[in-house]
Amino acid sequence: MEAADTRTVQVENILIAHHFLKDVVVHTPLQKNDYLSEKYGANIYFKREDLQHVRSFKLRGAYYKIKKIEEEARKSGVVCASAGNHAQGVAYACAQLKIQASIFMPQTTPKQKIDQVRMFGRDYVEIILAGDTFDDAAESAFAYCDEHEKIFIHPFDDFDVIAGQGTVAVEIMNDMEEPIDYVFGSIGGGGLMSGVSAYVKNLSPNSKIIGVEPAGAGSMKAAFAEGGAVALDWIDKFVDGAAVKCVGNHTYDVCRRYLDDIVLVPEGKVCTTILDLYNKHAIIAEPAGALSVAALDSYKEEIKGKSVVIIISGGNNDIGRMQEIKEKSLIHEGLLYYFIVNFPQRAGALRQFLTSVLGPNDDITTFEYTKKNNKESGPALVGIELGNREDYEGLLARMSEFGFKYKEVNNDIQLFGLLV
């Protein structure tokens, strides 16, 4: 097989990868979404990588990389680090090619993704949980790889992996019957959008390529600002498939050359989008998979009358996270608030709170006394879901009017983390 370009990824490299993967991966559908097309006054298409064999695009890069080094990998075995989707891609590839793999995953990885890795890898993989983030797991994986002289399969910063991910764009360009004005896709380490942008921009220079990152893990945005890959001091791990402290040097170089913009999306907005995709379109998207759809509001003026492709990059969402997703969505939408309420020491105070303070469309979602004794008059943690976000000021006014002293927990990050 021909080696990928040693300096960057070229269209030829992506087409070679496409040739070797076409009988391995699913040619995922490109579907026009009528609801969003009408909402934004645009022609919006979903590229459904959530329907891939391992429910994400990661299979493409992982399989292609391992296939290229197949004989050497069979002798030594391979190692990878992943928050979930790359691990599933490596596991699937190794089971198909009968190659042993050691897969390092953060201890915070959702159980659903760990179980999927075991299912796809069967007897060919061992799973090692290490650290709290992808970067922690990667550090352990590098050390293990060196100690045991195995081959490391990087999740993004490898030109063969980038070429494999770029095959998403080959399918898009082959299936799209009209010129593409915009392509939106998620960025974690940058492998997907490196490959996609390199291919699309070379075939369609006028297409705008928009990368999307979670606001709590904007490592590519930071790299653009600093002029090179830079490690963030802290990241929000919620969007686990895109929670990367430092993007790759190769992916930065390619993205810097081809991306037109990077949009940061708040985690709560991602949660609202996950729920909308499920409720309106019957699409189960993981947080990283919903990132690109969540960015549309940031471009609602620019995309009017345009043709827009949205890459839904993955669908590995643990059903056990749905309550957390709903809560984060409600908080982001201004519909859910937590308070420490000091109830006055008078008879009927709680009843008055329920009948006079709460609005007709408000619900109490949480009520817990913060002290085991003196419950009748002590402070309580109260969660209130509003019927409309505009009702918030009225709620505060009524608490003050009826003598209920309170502290809003939502605005105190430390207190919120402790109590909620």
# chains A, B, ... in the order shown; residues from 1 in each chain; ligands from 1

call {"tool": "residues_around", "arguments": {"residues": "Leu129 of chain A", "least_positions_apart": "3", "cutoff": "12 Å", "atoms": "only C-alpha atoms", "output": "list in words"}}
result
Cys80, Ala81, Ser82, Ala83, Gly84, Ala87, Ser102, Ile103, Phe104, Met105, Pro106, Gln107, Thr108, Thr109, Pro110, Lys111, Ile114, Glu126, Asp132, Thr133, Phe134, Asp136, Ala137, Ala138, Glu139, Ser140 and Ala141 of chain A

call {"tool": "residues_around", "arguments": {"residues": "segment 173-187 of chain A", "least_positions_apart": "2", "cutoff": "6 Å", "atoms": "only C-alpha atoms", "output": "mmCIF file with N, CA and C atoms, in the first residue's frame"}}
result
data_model
loop_
_atom_site.group_PDB
_atom_site.id
_atom_site.type_symbol
_atom_site.label_atom_id
_atom_site.label_comp_id
_atom_site.auth_asym_id
_atom_site.auth_seq_id
_atom_site.Cartn_x
_atom_site.Cartn_y
_atom_site.Cartn_z
ATOM 1 N N VAL A 170 -15.413 12.076 1.108
ATOM 2 C CA VAL A 170 -15.545 11.462 -0.221
ATOM 3 C C VAL A 170 -16.995 11.068 -0.457
ATOM 4 N N GLU A 171 -17.603 10.451 0.541
ATOM 5 C CA GLU A 171 -19.003 10.047 0.419
ATOM 6 C C GLU A 171 -19.928 11.253 0.305
ATOM 7 N N GLY A 190 -9.166 16.662 16.351
ATOM 8 C CA GLY A 190 -9.082 17.303 15.039
ATOM 9 C C GLY A 190 -8.950 16.376 13.854
ATOM 10 N N SER A 207 -16.536 26.252 -0.550
ATOM 11 C CA SER A 207 -17.281 25.714 0.587
ATOM 12 C C SER A 207 -16.645 26.202 1.889
ATOM 13 N N LYS A 208 -17.465 26.579 2.845
ATOM 14 C CA LYS A 208 -16.989 27.003 4.161
ATOM 15 C C LYS A 208 -16.980 25.805 5.104
ATOM 16 N N ILE A 209 -15.859 25.579 5.758
ATOM 17 C CA ILE A 209 -15.715 24.445 6.675
ATOM 18 C C ILE A 209 -15.670 24.989 8.101
ATOM 19 N N ILE A 210 -16.652 24.569 8.913
ATOM 20 C CA ILE A 210 -16.787 25.092 10.277
ATOM 21 C C ILE A 210 -16.559 23.967 11.280
ATOM 22 N N GLY A 211 -15.525 24.100 12.089
ATOM 23 C CA GLY A 211 -15.277 23.149 13.165
ATOM 24 C C GLY A 211 -16.037 23.572 14.412
ATOM 25 N N VAL A 212 -16.484 22.589 15.191
ATOM 26 C CA VAL A 212 -17.284 22.883 16.382
ATOM 27 C C VAL A 212 -16.687 22.160 17.588
ATOM 28 N N GLU A 213 -16.455 22.920 18.650
ATOM 29 C CA GLU A 213 -15.905 22.364 19.882
ATOM 30 C C GLU A 213 -16.819 22.684 21.059
ATOM 31 N N LEU A 291 -22.720 18.067 18.593
ATOM 32 C CA LEU A 291 -22.028 19.368 18.589
ATOM 33 C C LEU A 291 -22.296 20.176 17.324
ATOM 34 N N SER A 292 -22.164 19.528 16.173
ATOM 35 C CA SER A 292 -22.264 20.261 14.907
ATOM 36 C C SER A 292 -23.667 20.801 14.679
ATOM 37 N N LYS A 306 -28.691 28.635 1.917
ATOM 38 C CA LYS A 306 -27.481 27.881 1.571
ATOM 39 C C LYS A 306 -27.694 26.370 1.711
ATOM 40 N N SER A 307 -26.770 25.616 1.128
ATOM 41 C CA SER A 307 -26.742 24.163 1.291
ATOM 42 C C SER A 307 -25.721 23.817 2.366
ATOM 43 N N VAL A 308 -26.188 23.113 3.389
ATOM 44 C CA VAL A 308 -25.380 22.877 4.583
ATOM 45 C C VAL A 308 -25.340 21.386 4.901
ATOM 46 N N VAL A 309 -24.136 20.867 5.104
ATOM 47 C CA VAL A 309 -23.966 19.471 5.523
ATOM 48 C C VAL A 309 -23.512 19.451 6.979
ATOM 49 N N ILE A 310 -24.234 18.697 7.798
ATOM 50 C CA ILE A 310 -23.927 18.560 9.217
ATOM 51 C C ILE A 310 -23.485 17.122 9.468
ATOM 52 N N ILE A 311 -22.272 16.946 9.950
ATOM 53 C CA ILE A 311 -21.780 15.588 10.242
ATOM 54 C C ILE A 311 -22.178 15.217 11.669
#

call {"tool": "closest_residue", "arguments": {"among": "A:Val78, A:Ala349, A:Ala143, A:Val168", "to": "Lys22 of chain A", "atoms": "only C-alpha atoms"}}
result
A:Val168

call {"tool": "residues_around", "arguments": {"residues": "Thr167 of chain A", "least_positions_apart": "6", "cutoff": "7 Å", "atoms": "only C-alpha atoms", "output": "list of chain:residue names"}}
result
A:Ile14, A:Ala17, A:His18

call {"tool": "residues_around", "arguments": {"residues": "segment 40-54 of chain A", "least_positions_apart": "3", "cutoff": "9 Å", "atoms": "only C-alpha atoms", "output": "PyMOL selection string"}}
result
chain A and resi 25-37+57-59+85+88-89+92+116+120+168+172+283-286+289+293+296-297+300-301+303-316

call {"tool": "closest_residue", "arguments": {"among": "A:Glu393, A:Asp362, A:Glu401, A:Asp240", "to": "His86 of chain A", "atoms": "only C-alpha atoms"}}
result
A:Asp240

call {"tool": "select_by_dssp", "arguments": {"residues": "segment 11-176 of chain A", "states": "helix (DSSP H, G or I)", "output": "number ranges by chain"}}
result
A: 11-21, 34-40, 49-51, 58-68, 70-76, 85-97, 111-124, 134-148, 159-175

call {"tool": "residues_around", "arguments": {"residues": "Met322 of chain A", "least_positions_apart": "4", "cutoff": "12 Å", "atoms": "only C-alpha atoms", "output": "PyMOL selection string"}}
result
chain A and resi 271-272+274-275+278+284-287+317-318+326-329

call {"tool": "write_last_selection", "arguments": {"atoms": "all heavy atoms", "output": "short mmCIF file (atom, residue, chain, number, x, y, z; two decimals), in the first residue's frame"}}
result
data_model
loop_
_atom_site.label_atom_id
_atom_site.label_comp_id
_atom_site.auth_asym_id
_atom_site.auth_seq_id
_atom_site.Cartn_x
_atom_site.Cartn_y
_atom_site.Cartn_z
N CYS A 271 -26.77 19.59 25.16
CA CYS A 271 -27.80 18.73 25.76
C CYS A 271 -29.17 19.01 25.16
O CYS A 271 -29.93 18.07 24.88
CB CYS A 271 -27.83 18.94 27.27
SG CYS A 271 -26.35 18.34 28.11
N THR A 272 -29.51 20.28 24.98
CA THR A 272 -30.78 20.62 24.34
C THR A 272 -30.86 20.02 22.95
O THR A 272 -31.89 19.49 22.53
CB THR A 272 -30.94 22.15 24.26
OG1 THR A 272 -30.96 22.70 25.59
CG2 THR A 272 -32.23 22.54 23.55
N ILE A 274 -29.24 17.31 21.84
CA ILE A 274 -29.39 15.85 21.95
C ILE A 274 -30.87 15.50 22.11
O ILE A 274 -31.38 14.59 21.46
CB ILE A 274 -28.58 15.31 23.14
CG1 ILE A 274 -27.08 15.42 22.87
CG2 ILE A 274 -28.95 13.85 23.44
CD1 ILE A 274 -26.22 15.10 24.08
N LEU A 275 -31.56 16.23 22.99
CA LEU A 275 -32.97 15.95 23.24
C LEU A 275 -33.82 16.26 22.01
O LEU A 275 -34.75 15.51 21.67
CB LEU A 275 -33.45 16.76 24.44
CG LEU A 275 -32.78 16.42 25.77
CD1 LEU A 275 -33.24 17.37 26.86
CD2 LEU A 275 -33.06 14.97 26.19
N TYR A 278 -33.41 13.55 19.39
CA TYR A 278 -34.15 12.34 19.76
C TYR A 278 -35.66 12.55 19.60
O TYR A 278 -36.36 11.73 18.98
CB TYR A 278 -33.84 11.94 21.19
CG TYR A 278 -34.58 10.70 21.63
CD1 TYR A 278 -34.20 9.44 21.18
CD2 TYR A 278 -35.68 10.80 22.48
CE1 TYR A 278 -34.90 8.31 21.57
CE2 TYR A 278 -36.38 9.67 22.87
CZ TYR A 278 -35.99 8.43 22.42
OH TYR A 278 -36.70 7.31 22.79
N ILE A 284 -30.40 9.13 17.93
CA ILE A 284 -29.69 9.05 19.20
C ILE A 284 -28.26 9.51 18.96
O ILE A 284 -27.45 8.79 18.37
CB ILE A 284 -29.71 7.62 19.76
CG1 ILE A 284 -31.16 7.18 20.01
CG2 ILE A 284 -28.90 7.53 21.05
CD1 ILE A 284 -31.28 5.73 20.42
N ALA A 285 -27.96 10.72 19.39
CA ALA A 285 -26.62 11.28 19.20
C ALA A 285 -25.92 11.40 20.54
O ALA A 285 -26.53 11.76 21.54
CB ALA A 285 -26.70 12.65 18.54
N GLU A 286 -24.65 11.07 20.57
CA GLU A 286 -23.86 11.33 21.78
C GLU A 286 -23.53 12.82 21.81
O GLU A 286 -23.72 13.54 20.82
CB GLU A 286 -22.60 10.49 21.76
CG GLU A 286 -21.63 10.80 20.63
CD GLU A 286 -20.44 9.87 20.64
OE1 GLU A 286 -19.50 10.17 21.38
OE2 GLU A 286 -20.46 8.85 19.91
N PRO A 287 -23.04 13.34 22.96
CA PRO A 287 -22.74 14.77 23.03
C PRO A 287 -21.83 15.27 21.90
O PRO A 287 -22.14 16.30 21.27
CB PRO A 287 -22.08 14.91 24.40
CG PRO A 287 -22.74 13.84 25.22
CD PRO A 287 -22.92 12.68 24.27
N ASN A 317 -24.42 7.02 22.95
CA ASN A 317 -24.89 7.73 24.13
C ASN A 317 -25.43 6.73 25.14
O ASN A 317 -26.28 5.91 24.82
CB ASN A 317 -25.99 8.72 23.74
CG ASN A 317 -26.16 9.81 24.79
OD1 ASN A 317 -25.48 9.81 25.81
ND2 ASN A 317 -27.05 10.74 24.54
N ASP A 318 -24.92 6.82 26.35
CA ASP A 318 -25.35 5.94 27.43
C ASP A 318 -26.71 6.42 27.94
O ASP A 318 -26.85 7.56 28.37
CB ASP A 318 -24.32 5.97 28.56
CG ASP A 318 -24.58 4.92 29.63
OD1 ASP A 318 -25.73 4.46 29.74
OD2 ASP A 318 -23.63 4.58 30.36
N LYS A 326 -30.88 16.00 30.45
CA LYS A 326 -32.10 16.80 30.58
C LYS A 326 -31.90 17.95 31.55
O LYS A 326 -32.31 19.09 31.29
CB LYS A 326 -33.26 15.92 31.04
CG LYS A 326 -34.58 16.68 31.18
CD LYS A 326 -35.70 15.80 31.68
CE LYS A 326 -36.99 16.61 31.84
NZ LYS A 326 -38.10 15.78 32.40
N GLU A 327 -31.24 17.67 32.67
CA GLU A 327 -31.01 18.71 33.67
C GLU A 327 -30.12 19.82 33.11
O GLU A 327 -30.42 21.02 33.28
CB GLU A 327 -30.37 18.11 34.92
CG GLU A 327 -30.14 19.14 36.03
CD GLU A 327 -29.57 18.52 37.28
OE1 GLU A 327 -28.41 18.05 37.23
OE2 GLU A 327 -30.25 18.51 38.30
N LYS A 328 -29.04 19.45 32.45
CA LYS A 328 -28.15 20.46 31.89
C LYS A 328 -28.87 21.29 30.83
O LYS A 328 -28.64 22.50 30.71
CB LYS A 328 -26.90 19.79 31.27
CG LYS A 328 -25.88 19.30 32.28
CD LYS A 328 -24.71 18.66 31.58
CE LYS A 328 -23.63 18.23 32.57
NZ LYS A 328 -22.92 19.39 33.15
N SER A 329 -29.74 20.66 30.06
CA SER A 329 -30.51 21.38 29.05
C SER A 329 -31.44 22.39 29.70
O SER A 329 -31.50 23.56 29.28
CB SER A 329 -31.32 20.39 28.20
OG SER A 329 -32.23 21.07 27.36
#

call {"tool": "closest_atom_pairs", "arguments": {"of": "segment 317-339 of chain A", "to": "segment 364-371 of chain A", "cutoff": "12 Å", "atoms": "only C-alpha atoms", "output": "CSV"}}
result
residue,atom,partner,partner_atom,distance
A:Glu327,CA,A:Thr365,CA,10.3
A:Leu330,CA,A:Thr365,CA,11.7
A:Leu335,CA,A:Thr365,CA,11.5
A:Leu336,CA,A:Thr365,CA,8.8
A:Tyr337,CA,A:Thr365,CA,9.5
A:Tyr338,CA,A:Thr366,CA,8.2
A:Phe339,CA,A:Phe367,CA,9.7

call {"tool": "write_last_selection", "arguments": {"atoms": "C-alpha atoms", "output": "compact mmCIF listing (two decimals), in the first residue's frame"}}
result
# COMPACT_ATOMS: atom_id res chain seq x y z
CA GLU A 327 -31.01 18.71 33.67
CA LEU A 330 -33.10 22.87 31.41
CA LEU A 335 -35.89 26.73 33.08
CA LEU A 336 -34.30 25.00 36.08
CA TYR A 337 -32.92 26.75 39.16
CA TYR A 338 -31.63 25.53 42.49
CA PHE A 339 -31.91 27.61 45.67

call {"tool": "closest_residue", "arguments": {"among": "A:Ala288, A:Tyr299, A:Ala198, A:Lys280", "to": "Arg256 of chain A", "atoms": "only C-alpha atoms"}}
result
A:Ala198

call {"tool": "closest_residue", "arguments": {"among": "A:Lys269, A:Lys221, A:Lys68, A:His148", "to": "Val239 of chain A", "atoms": "only C-alpha atoms"}}
result
A:Lys269

call {"tool": "atom_distance", "arguments": {"atom1": "atom CA of Ala231 of chain A", "atom2": "atom CA of Asn410 of chain A"}}
result
28.5 Å

call {"tool": "closest_residue", "arguments": {"among": "A:Tyr406, A:Tyr392, A:Tyr63, A:Phe20", "to": "Glu333 of chain A", "atoms": "only C-alpha atoms"}}
result
A:Tyr392

call {"tool": "atom_distance", "arguments": {"atom1": "atom CA of Asn13 of chain A", "atom2": "atom CA of Ile69 of chain A"}}
result
15.5 Å

call {"tool": "residues_around", "arguments": {"residues": "Phe404 of chain A", "least_positions_apart": "3", "cutoff": "8 Å", "atoms": "only C-alpha atoms", "output": "CSV table (one decimal) with C-alpha atoms, in the first residue's frame"}}
result
chain,number,residue,atom,x,y,z
A,341,VAL,CA,-34.2,28.6,50.9
A,342,ASN,CA,-34.3,29.6,54.6
A,343,PHE,CA,-37.9,29.0,55.6
A,344,PRO,CA,-39.3,31.5,58.1
A,399,MET,CA,-39.7,34.9,47.5
A,400,SER,CA,-38.7,38.3,48.7
A,401,GLU,CA,-42.2,39.6,49.1

call {"tool": "atom_distance", "arguments": {"atom1": "atom CA of Glu12 of chain A", "atom2": "atom CA of Ala169 of chain A"}}
result
12.9 Å
